[in-house]
Each structure stands twice: as structure tokens, then as C-alpha cells.
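Undergrad: Pasting work_6.cif below, which is mmCIF, C-alpha atoms.
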data_query
loop_
_atom_site.label_atom_id
_atom_site.label_comp_id
_atom_site.auth_asym_id
_atom_site.auth_seq_id
_atom_site.Cartn_x
_atom_site.Cartn_y
_atom_site.Cartn_z
CA MET C 1 -26.54 86.07 100.64
CA TYR C 2 -23.91 83.56 99.60
CA ILE C 3 -26.42 80.82 98.83
CA LYS C 4 -28.34 83.15 96.54
CA LYS C 5 -25.30 83.22 94.25
CA PHE C 6 -24.42 79.55 94.06
CA LEU C 7 -27.46 77.48 94.95
CA PHE C 8 -28.50 76.62 91.39
CA THR C 9 -24.93 75.78 90.39
CA VAL C 10 -24.60 73.30 93.24
CA PHE C 11 -27.94 71.76 92.32
CA LEU C 12 -26.63 71.14 88.80
CA LEU C 13 -23.69 69.29 90.30
CA LEU C 14 -26.06 66.71 91.72
CA SER C 15 -27.15 65.73 88.24
CA VAL C 16 -23.64 65.45 86.80
CA GLN C 17 -21.72 63.79 89.61
CA SER C 18 -21.10 60.70 87.47
CA VAL C 19 -19.54 62.84 84.72
CA SER C 20 -15.84 63.66 84.81
CA ALA C 21 -16.21 67.27 83.67
CA GLN C 22 -13.48 69.64 84.85
CA LYS C 23 -15.36 72.93 84.48
CA PHE C 24 -18.79 74.03 85.70
CA VAL C 25 -20.73 76.75 83.92
CA TYR C 26 -22.86 79.23 85.85
CA ASN C 27 -26.50 78.92 84.75
CA GLY C 28 -28.25 81.33 87.08
CA SER C 29 -29.53 81.64 90.63
CA ILE C 30 -32.78 81.02 92.41
CA GLY C 31 -34.23 82.41 95.62
CA LYS C 32 -34.10 85.81 97.30
CA PHE C 33 -32.46 85.64 100.72
CA SER C 34 -31.16 88.19 103.21
CA ASN C 35 -28.27 86.18 104.65
CA ALA C 36 -28.66 82.51 103.79
CA THR C 37 -26.24 80.54 105.94
CA ALA C 38 -27.03 76.91 105.06
CA PHE C 39 -29.09 74.74 102.75
CA SER C 40 -29.99 71.09 102.20
CA PHE C 41 -31.68 69.03 99.48
CA SER C 42 -34.45 66.50 100.07
CA PRO C 43 -34.50 63.18 98.16
CA SER C 44 -37.49 64.49 96.21
CA GLY C 45 -35.64 67.62 95.10
CA PHE C 46 -36.96 70.28 97.46
CA ILE C 47 -34.46 72.78 98.84
CA TYR C 48 -34.42 73.93 102.48
CA VAL C 49 -32.59 77.18 103.22
CA ALA C 50 -31.68 78.69 106.59
CA ASP C 51 -31.72 82.50 106.46
CA ASP C 52 -30.02 84.11 109.43
CA ASP C 53 -31.19 87.70 108.80
CA SER C 54 -34.86 86.91 108.27
CA ASP C 55 -34.69 84.21 110.98
CA GLU C 56 -36.54 81.60 108.96
CA ILE C 57 -36.35 78.27 107.19
CA ILE C 58 -37.47 78.48 103.57
CA MET C 59 -38.66 75.53 101.48
CA LEU C 60 -38.33 75.94 97.70
CA ASP C 61 -38.84 73.79 94.64
CA THR C 62 -36.17 73.53 91.92
CA LEU C 63 -37.69 76.46 90.02
CA GLY C 64 -37.16 78.74 92.99
CA ASN C 65 -40.80 78.92 94.04
CA VAL C 66 -41.24 79.31 97.80
CA ILE C 67 -43.40 76.45 99.05
CA LYS C 68 -43.31 77.40 102.72
CA ASN C 69 -41.33 79.46 105.19
CA VAL C 70 -41.24 79.16 108.97
CA SER C 71 -39.87 81.69 111.44
CA ASP C 72 -41.40 80.68 114.78
CA PHE C 73 -42.04 77.19 116.10
CA GLY C 74 -44.01 78.54 119.05
CA TRP C 75 -42.24 76.53 121.72
CA GLY C 76 -41.38 79.39 124.06
CA SER C 77 -38.03 80.41 122.61
CA SER C 78 -36.28 82.96 124.80
CA SER C 79 -35.20 84.98 121.77
CA TYR C 80 -35.82 85.09 118.05
CA PHE C 81 -35.39 81.90 116.06
CA THR C 82 -31.84 81.96 114.68
CA PRO C 83 -31.21 79.06 112.26
CA SER C 84 -27.53 78.27 111.79
CA SER C 85 -27.81 75.00 109.84
CA VAL C 86 -30.38 72.76 108.17
CA PHE C 87 -30.16 69.10 107.16
CA CYS C 88 -32.69 66.89 105.36
CA THR C 89 -32.39 63.12 105.77
CA ASN C 90 -33.09 60.37 103.26
CA THR C 91 -36.33 59.72 105.17
CA PHE C 92 -37.60 63.29 104.64
CA ILE C 93 -36.92 64.48 108.19
CA VAL C 94 -35.53 68.01 108.46
CA TYR C 95 -33.23 69.04 111.32
CA VAL C 96 -32.52 72.68 112.14
CA SER C 97 -30.03 74.10 114.64
CA ASP C 98 -31.20 77.24 116.47
CA PHE C 99 -28.04 79.13 117.45
CA TYR C 100 -29.11 81.60 120.14
CA ASN C 101 -31.84 79.43 121.64
CA ASP C 102 -29.47 76.45 121.98
CA LYS C 103 -31.93 74.03 120.37
CA ILE C 104 -32.21 71.43 117.65
CA TYR C 105 -35.60 71.11 115.95
CA LYS C 106 -36.86 67.96 114.26
CA LEU C 107 -39.38 68.74 111.50
CA ASP C 108 -41.32 66.81 108.91
CA LYS C 109 -40.82 67.53 105.20
CA ASP C 110 -43.48 70.28 105.35
CA LEU C 111 -41.66 72.03 108.22
CA ASN C 112 -44.10 71.01 110.93
CA ILE C 113 -42.36 70.51 114.25
CA LEU C 114 -42.07 66.96 115.58
CA ALA C 115 -39.67 67.35 118.50
CA SER C 116 -36.77 69.39 119.83
CA ILE C 117 -33.57 68.90 121.81
CA GLU C 118 -32.55 71.60 124.29
CA GLY C 119 -28.89 72.15 125.03
CA ALA C 120 -29.42 73.16 128.64
CA SER C 121 -30.59 69.77 129.84
CA LEU C 122 -29.97 66.40 128.22
CA ILE C 123 -32.08 64.07 130.35
CA GLY C 124 -30.08 61.65 132.46
CA THR C 125 -26.70 63.31 131.82
CA ASP C 126 -24.67 66.31 132.90
CA ILE C 127 -23.83 67.08 129.27
CA LYS C 128 -24.88 70.39 127.76
CA PHE C 129 -24.52 72.08 124.41
CA ALA C 130 -24.82 75.71 123.36
CA ARG C 131 -24.58 77.74 120.16
CA PRO C 132 -25.02 74.80 117.75
CA VAL C 133 -23.64 75.44 114.25
CA GLY C 134 -24.29 72.08 112.61
CA VAL C 135 -26.57 69.05 112.68
CA VAL C 136 -26.41 65.93 110.47
CA THR C 137 -27.49 62.29 110.57
CA SER C 138 -25.72 59.15 109.44
CA ASP C 139 -27.26 56.49 107.21
CA PHE C 140 -27.74 54.44 110.39
CA GLY C 141 -30.02 57.07 111.94
CA ASP C 142 -27.55 58.54 114.43
CA LEU C 143 -27.85 62.29 115.02
CA PHE C 144 -24.79 64.53 115.45
CA ILE C 145 -24.74 68.09 116.79
CA LEU C 146 -21.77 70.44 116.36
CA ASP C 147 -21.48 72.58 119.50
CA SER C 148 -19.52 75.82 119.04
CA ASP C 149 -19.67 76.92 122.69
CA TYR C 150 -18.44 73.79 124.47
CA LYS C 151 -16.44 72.85 121.34
CA GLN C 152 -17.60 69.29 120.92
CA ILE C 153 -19.70 66.93 118.82
CA LEU C 154 -22.64 65.15 120.44
CA LYS C 155 -24.10 61.87 119.20
CA PHE C 156 -27.66 60.62 119.70
CA ASP C 157 -28.88 57.18 118.66
CA TYR C 158 -31.77 56.36 116.33
CA PHE C 159 -34.25 56.62 119.22
CA GLY C 160 -33.02 60.06 120.30
CA ASN C 161 -31.02 58.88 123.31
CA PHE C 162 -27.75 60.65 124.06
CA SER C 163 -24.86 58.34 123.22
CA LEU C 164 -21.52 60.14 123.55
CA HIS C 165 -19.64 63.38 122.98
CA PHE C 166 -16.22 63.81 121.41
CA GLY C 167 -13.87 66.26 119.71
CA GLY C 168 -12.67 67.89 122.94
CA PHE C 169 -9.17 68.65 124.18
CA ASP C 170 -8.43 64.95 124.57
CA LYS C 171 -8.07 64.87 120.77
CA GLY C 172 -5.01 67.11 120.97
CA LEU C 173 -4.22 68.86 117.69
CA ASN C 174 -7.36 67.34 116.18
CA ALA C 175 -9.68 68.88 118.77
CA VAL C 176 -12.57 71.15 117.84
CA THR C 177 -11.55 74.78 118.48
CA ASN C 178 -13.61 77.12 116.28
CA PRO C 179 -16.25 75.08 114.43
CA LYS C 180 -18.11 76.61 111.49
CA GLY C 181 -20.03 73.68 110.02
CA MET C 182 -20.33 69.94 109.58
CA ALA C 183 -21.10 67.45 106.81
CA VAL C 184 -21.34 63.67 106.60
CA SER C 185 -19.58 62.05 103.66
CA GLU C 186 -20.82 59.21 101.50
CA ASP C 187 -18.56 56.82 103.44
CA GLN C 188 -20.16 57.98 106.72
CA MET C 189 -17.31 60.12 108.01
CA LEU C 190 -18.00 63.39 109.83
CA VAL C 191 -16.24 66.33 108.20
CA ILE C 192 -15.90 69.37 110.48
CA LEU C 193 -14.95 72.79 109.14
CA ASP C 194 -12.89 74.20 112.02
CA ASN C 195 -10.90 77.42 111.61
CA ASN C 196 -8.99 76.89 108.36
CA ALA C 197 -8.92 73.10 108.47
CA LEU C 198 -11.07 70.01 108.07
CA LEU C 199 -11.31 67.63 111.02
CA ILE C 200 -12.32 64.06 110.17
CA TYR C 201 -14.08 61.74 112.63
CA ASP C 202 -15.89 58.48 112.27
CA THR C 203 -19.35 58.08 113.78
CA PHE C 204 -17.84 56.49 116.92
CA GLY C 205 -15.80 59.59 117.75
CA ASN C 206 -12.42 58.37 116.52
CA SER C 207 -10.25 61.05 114.93
CA PHE C 208 -8.90 60.45 111.43
CA GLY C 209 -6.78 63.54 111.07
CA LYS C 210 -6.70 67.24 110.40
CA TYR C 211 -6.36 68.69 106.90
CA PRO C 212 -5.22 72.34 106.58
CA LEU C 213 -7.12 74.44 104.03
CA PHE C 214 -5.74 77.06 101.68
CA GLU C 215 -8.20 79.86 102.45
CA ASN C 216 -10.97 80.95 104.80
CA PHE C 217 -14.11 78.92 104.06
CA ILE C 218 -17.53 79.56 105.57
CA SER C 219 -19.34 76.24 105.08
CA VAL C 220 -18.95 72.60 104.09
CA ASN C 221 -21.57 70.41 102.41
CA SER C 222 -21.77 66.87 101.05
CA TYR C 223 -24.02 65.48 98.31
CA GLY C 224 -23.35 61.84 97.51
CA LYS C 225 -19.90 61.66 95.95
CA ILE C 226 -19.53 65.44 95.86
CA MET C 227 -18.26 67.56 98.74
CA THR C 228 -18.10 71.35 98.57
CA LEU C 229 -16.32 74.06 100.52
CA THR C 230 -17.80 77.53 100.14
CA ALA C 231 -15.83 80.77 100.41
CA HIS C 232 -17.25 84.28 100.08
CA ASP C 233 -16.81 84.38 96.30
CA LYS C 234 -16.31 80.80 95.12
CA ILE C 235 -16.98 77.11 95.68
CA HIS C 236 -14.33 74.41 95.81
CA ILE C 237 -15.43 70.93 94.82
CA ASN C 238 -14.11 67.49 95.68
CA ARG C 239 -15.52 64.68 93.54
CA SER C 240 -14.49 62.03 96.08
CA SER C 241 -15.47 62.52 99.73
CA SER C 242 -12.70 60.16 100.83
CA ASP C 243 -9.99 62.39 99.32
CA LYS C 244 -9.88 65.38 101.65
CA THR C 245 -7.10 67.14 99.67
CA GLY C 246 -8.63 66.98 96.20
CA PHE C 247 -10.71 70.18 96.18
CA ARG C 248 -10.72 72.34 93.08
CA GLU C 249 -12.32 75.68 92.33
CA ALA C 250 -15.60 76.06 90.47
#
When written as C-alpha cells, how does the structure in this file appear?
TA:
Amino acid sequence: MYIKKFLFTVFLLLSVQSVSAQKFVYNGSIGKFSNATAFSFSPSGFIYVADDDSDEIIMLDTLGNVIKNVSDFGWGSSSYFTPSSVFCTNTFIVYVSDFYNDKIYKLDKDLNILASIEGASLIGTDIKFARPVGVVTSDFGDLFILDSDYKQILKFDYFGNFSLHFGGFDKGLNAVTNPKGMAVSEDQMLVILDNNALLIYDTFGNSFGKYPLFENFISVNSYGKIMTLTAHDKIHINRSSSDKTGFREA
């Protein structure tokens, strides 16, 4: 339900990110969702929304018209499809994390399934993941999964091979403890919303600090030079993804 209230405003930000305006004016909303938990934009302007209550991924155009919605990929899920995050790459590949089924789905731009990764068995390793709450890719094609159960971040290379996991207790105060979401900044840093703080990692698993936040946020997103933190009734915007303390309210 949160996305229903701010989706169109965020879309407008994409078109004005080169302008130094200090105030954003609400223009309206698009879409009718039950409990939209995440969204992502494609390079061609389509919007992909994960709705947790209706258990579906919804594809819309910029006028709010529903192009397609998918609620079952038909791959023998043990329970209902429960999308917790969605991410569209620059190459029009859509990734979706399925919270209760412990899966990551790889889809084409029309939401047809291409492949999946199951948390219970990563071939050739003893690494597992469960209850994923975020999935993103870097500009180099690496895939990252935010695991809320084992409290870690997993990295896969361009070919889908498991590469490493990080963010555990060995990171001390910068370890993942209660992850809510993940974004990748323009400068290819992973930004993890964890409790009431942002954890910053590079794509090799090195920690670059922990930044306390001033209220309880529910999601983090990045769009070029703009990064947003969403609370229940507002959005905070940072015009520079490298400045983790420069958020302001919109």
C-alpha cells in the first residue's frame, strides 16, 4: 500500500535528477495494490511492482495501465508465491525474491521465467540462504541476494556461479542483523537497510561503514544519482548516492 501513494512521485524524480530543486510536488498516484512491498523501473520505462498481499508481480506502463501480472511460476513451490523484492537490470532482466519459498527467480522483461536459484542447495557448496528480502545486480553482471534468515549477502558471477558470501558476524558492528532491503548505488556500492541503519559494502564484500538513520524506514531504492529511503508516510531523498548522510524529506 505504500507504493500506491508514492510511485508516481518517485517516477518524476527520474526525470529531474539533473535539476537542483529543493522541493517535490505531489502530482498523483498510479496503480491499485494490496500491499506493494517493492518496485523497480526498466530502462524503457515500465514499472514492476511486488505485491505481498496478492502474491504477484505486476508490470505497468507509466500511465498506470497493467500490462501483465504473474502470481505462479509453476515450478512446484511448496507454498504461495511471496515476492519480497523485484529488480530490473539495464539488460531488461527482472529478478524477484520469493520470501517463503526461499527462491530467486530470473525473468525476461515480459515476466516469463528463465531460471531460478533455490536457497536450500547451491550446487557445489554447503552455503544456503532462506527468507530473501533483496536481490540486485551490479553493472558488471554480478548478482547479490540479501538473506534475512542466515543474515548474509551472497554473490553470484555473471554466469550464475556462486562466488562468495559476506556480511556475517566477522564484520563486527557492521554485520547484517535485521535486513529489510538492498540497493546498488551509481558508484556500484551495496547499500543495505538493516534495522535503523545503512550498511555499505563494495561488490567484493568489503565493509565501508555503518550509518545510523533518524527513523524507522521500510525500504531503500536507487535510481541513477538518486537514492530514496521510504518510511510509512514519507520519502527521504539523497541526490548523491556517495553521500550516505545527505537525505532530506520529500
Undergrad: Would you compute the distance between atom CA of C:Ala130 and atom CA of C:Thr82? Give it in Å to one decimal.
TA: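 Atom-to-atom, atom CA of C:Ala130 to atom CA of C:Thr82, that is 12.8 Å.
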Undergrad: Take every atom of stretch 149-168 of chain C listed in the file, pad by 6 Å on each side, and give me the axis-aligned box centre and edge lengths in Å, one decimal, as JSON.
TA:
{"center_x": -23.5, "center_y": 66.6, "center_z": 120.4, "size_x": 33.6, "size_y": 32.6, "size_z": 20.1}
Undergrad: Please indicate the distance in Å from atom CA of C:His236 to atom CA of C:Phe217, rounded to one decimal place.
TA: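 Answer for the atom CA of C:His236 to atom CA of C:Phe217 separation: 9.4 Å.
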Undergrad: Using all atoms listed in the file, determine which residues lie at most 10 Å from C:Thr203, disregarding the query and same-chain residues fewer than 5 positions distant; provide the list as a list in words.
TA: Thr137, Ser138, Phe140, Asp142, Leu143, Phe144, Lys155, Val184, Gln188, Met189 and Leu190 of chain C
Undergrad: Filtering to C-alpha atoms, could you give me those residues as an mmCIF file, in the frame of the given file?
TA:
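The file below, part.cif, is the result:
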data_model
loop_
_atom_site.group_PDB
_atom_site.id
_atom_site.type_symbol
_atom_site.label_atom_id
_atom_site.label_comp_id
_atom_site.auth_asym_id
_atom_site.auth_seq_id
_atom_site.Cartn_x
_atom_site.Cartn_y
_atom_site.Cartn_z
ATOM 1 C CA THR C 137 -27.490 62.290 110.570
ATOM 2 C CA SER C 138 -25.720 59.150 109.440
ATOM 3 C CA PHE C 140 -27.740 54.440 110.390
ATOM 4 C CA ASP C 142 -27.550 58.540 114.430
ATOM 5 C CA LEU C 143 -27.850 62.290 115.020
ATOM 6 C CA PHE C 144 -24.790 64.530 115.450
ATOM 7 C CA LYS C 155 -24.100 61.870 119.200
ATOM 8 C CA VAL C 184 -21.340 63.670 106.600
ATOM 9 C CA GLN C 188 -20.160 57.980 106.720
ATOM 10 C CA MET C 189 -17.310 60.120 108.010
ATOM 11 C CA LEU C 190 -18.000 63.390 109.830
#
Undergrad: Which residues, named as in the file, does the PyMOL selection byres ((chain C and resi 84-100) around 9) pick out? Answer as a PyMOL selection string.
TA: chain C and resi 37-44+47-52+57+78-83+101-111+130-139+141+145+181
Undergrad: Any chance you can output those residues with C-alpha atoms as an mmCIF file, in the frame of the given file?
TA:
data_model
loop_
_atom_site.group_PDB
_atom_site.id
_atom_site.type_symbol
_atom_site.label_atom_id
_atom_site.label_comp_id
_atom_site.auth_asym_id
_atom_site.auth_seq_id
_atom_site.Cartn_x
_atom_site.Cartn_y
_atom_site.Cartn_z
ATOM 1 C CA THR C 37 -26.240 80.540 105.940
ATOM 2 C CA ALA C 38 -27.030 76.910 105.060
ATOM 3 C CA PHE C 39 -29.090 74.740 102.750
ATOM 4 C CA SER C 40 -29.990 71.090 102.200
ATOM 5 C CA PHE C 41 -31.680 69.030 99.480
ATOM 6 C CA SER C 42 -34.450 66.500 100.070
ATOM 7 C CA PRO C 43 -34.500 63.180 98.160
ATOM 8 C CA SER C 44 -37.490 64.490 96.210
ATOM 9 C CA ILE C 47 -34.460 72.780 98.840
ATOM 10 C CA TYR C 48 -34.420 73.930 102.480
ATOM 11 C CA VAL C 49 -32.590 77.180 103.220
ATOM 12 C CA ALA C 50 -31.680 78.690 106.590
ATOM 13 C CA ASP C 51 -31.720 82.500 106.460
ATOM 14 C CA ASP C 52 -30.020 84.110 109.430
ATOM 15 C CA ILE C 57 -36.350 78.270 107.190
ATOM 16 C CA SER C 78 -36.280 82.960 124.800
ATOM 17 C CA SER C 79 -35.200 84.980 121.770
ATOM 18 C CA TYR C 80 -35.820 85.090 118.050
ATOM 19 C CA PHE C 81 -35.390 81.900 116.060
ATOM 20 C CA THR C 82 -31.840 81.960 114.680
ATOM 21 C CA PRO C 83 -31.210 79.060 112.260
ATOM 22 C CA ASN C 101 -31.840 79.430 121.640
ATOM 23 C CA ASP C 102 -29.470 76.450 121.980
ATOM 24 C CA LYS C 103 -31.930 74.030 120.370
ATOM 25 C CA ILE C 104 -32.210 71.430 117.650
ATOM 26 C CA TYR C 105 -35.600 71.110 115.950
ATOM 27 C CA LYS C 106 -36.860 67.960 114.260
ATOM 28 C CA LEU C 107 -39.380 68.740 111.500
ATOM 29 C CA ASP C 108 -41.320 66.810 108.910
ATOM 30 C CA LYS C 109 -40.820 67.530 105.200
ATOM 31 C CA ASP C 110 -43.480 70.280 105.350
ATOM 32 C CA LEU C 111 -41.660 72.030 108.220
ATOM 33 C CA ALA C 130 -24.820 75.710 123.360
ATOM 34 C CA ARG C 131 -24.580 77.740 120.160
ATOM 35 C CA PRO C 132 -25.020 74.800 117.750
ATOM 36 C CA VAL C 133 -23.640 75.440 114.250
ATOM 37 C CA GLY C 134 -24.290 72.080 112.610
ATOM 38 C CA VAL C 135 -26.570 69.050 112.680
ATOM 39 C CA VAL C 136 -26.410 65.930 110.470
ATOM 40 C CA THR C 137 -27.490 62.290 110.570
ATOM 41 C CA SER C 138 -25.720 59.150 109.440
ATOM 42 C CA ASP C 139 -27.260 56.490 107.210
ATOM 43 C CA GLY C 141 -30.020 57.070 111.940
ATOM 44 C CA ILE C 145 -24.740 68.090 116.790
ATOM 45 C CA GLY C 181 -20.030 73.680 110.020
#
Undergrad: Report as a PyMOL selection string all protein, DNA and RNA residues lying within 10 Å of C:Leu229, evaluated on all atoms listed in the file, omitting residues in the same chain fewer than 4 positions from it.
TA: chain C and resi 193+213+216-222+234-238+247-249
Undergrad: Taking C-alpha atoms for each residue, export the selection above as a PDB file, in the coordinates of the input.
TA:
ATOM      1  CA  LEU C 193     -14.950  72.790 109.140  1.00  0.00           C
ATOM      2  CA  LEU C 213      -7.120  74.440 104.030  1.00  0.00           C
ATOM      3  CA  ASN C 216     -10.970  80.950 104.800  1.00  0.00           C
ATOM      4  CA  PHE C 217     -14.110  78.920 104.060  1.00  0.00           C
ATOM      5  CA  ILE C 218     -17.530  79.560 105.570  1.00  0.00           C
ATOM      6  CA  SER C 219     -19.340  76.240 105.080  1.00  0.00           C
ATOM      7  CA  VAL C 220     -18.950  72.600 104.090  1.00  0.00           C
ATOM      8  CA  ASN C 221     -21.570  70.410 102.410  1.00  0.00           C
ATOM      9  CA  SER C 222     -21.770  66.870 101.050  1.00  0.00           C
ATOM     10  CA  LYS C 234     -16.310  80.800  95.120  1.00  0.00           C
ATOM     11  CA  ILE C 235     -16.980  77.110  95.680  1.00  0.00           C
ATOM     12  CA  HIS C 236     -14.330  74.410  95.810  1.00  0.00           C
ATOM     13  CA  ILE C 237     -15.430  70.930  94.820  1.00  0.00           C
ATOM     14  CA  ASN C 238     -14.110  67.490  95.680  1.00  0.00           C
ATOM     15  CA  PHE C 247     -10.710  70.180  96.180  1.00  0.00           C
ATOM     16  CA  ARG C 248     -10.720  72.340  93.080  1.00  0.00           C
ATOM     17  CA  GLU C 249     -12.320  75.680  92.330  1.00  0.00           C
TER      18      GLU C 249
END
Undergrad: When distances are computed from only C-alpha atoms, which of C:Met59, C:Leu199, C:Ile226, C:Ala115 shows the smallest separation from C:Ser185?
TA: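 So, comparing all the options, the nearest one is C:Ile226.
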Undergrad: To test your reading of the syntax: which residues would the PyMOL selection byres ((chain C and resi 161-165) around 12) return for the file shown? Reply as a PyMOL selection string.
TA: chain C and resi 117-119+121-129+141-147+150-160+166-171+176+201+203-206
Undergrad: Which value, in Å to one decimal, gives the distance between atom CA of C:Phe208 and atom CA of C:Gly224?
TA: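 Separation between atom CA of C:Phe208 and atom CA of C:Gly224: 20.1 Å.
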Undergrad: Using only C-alpha atoms, pick whichever of C:Asp194, C:Glu215, C:Asp61, C:Asp233 has the shortest atom-to-atom distance to C:Asn174.
TA: C:Asp194
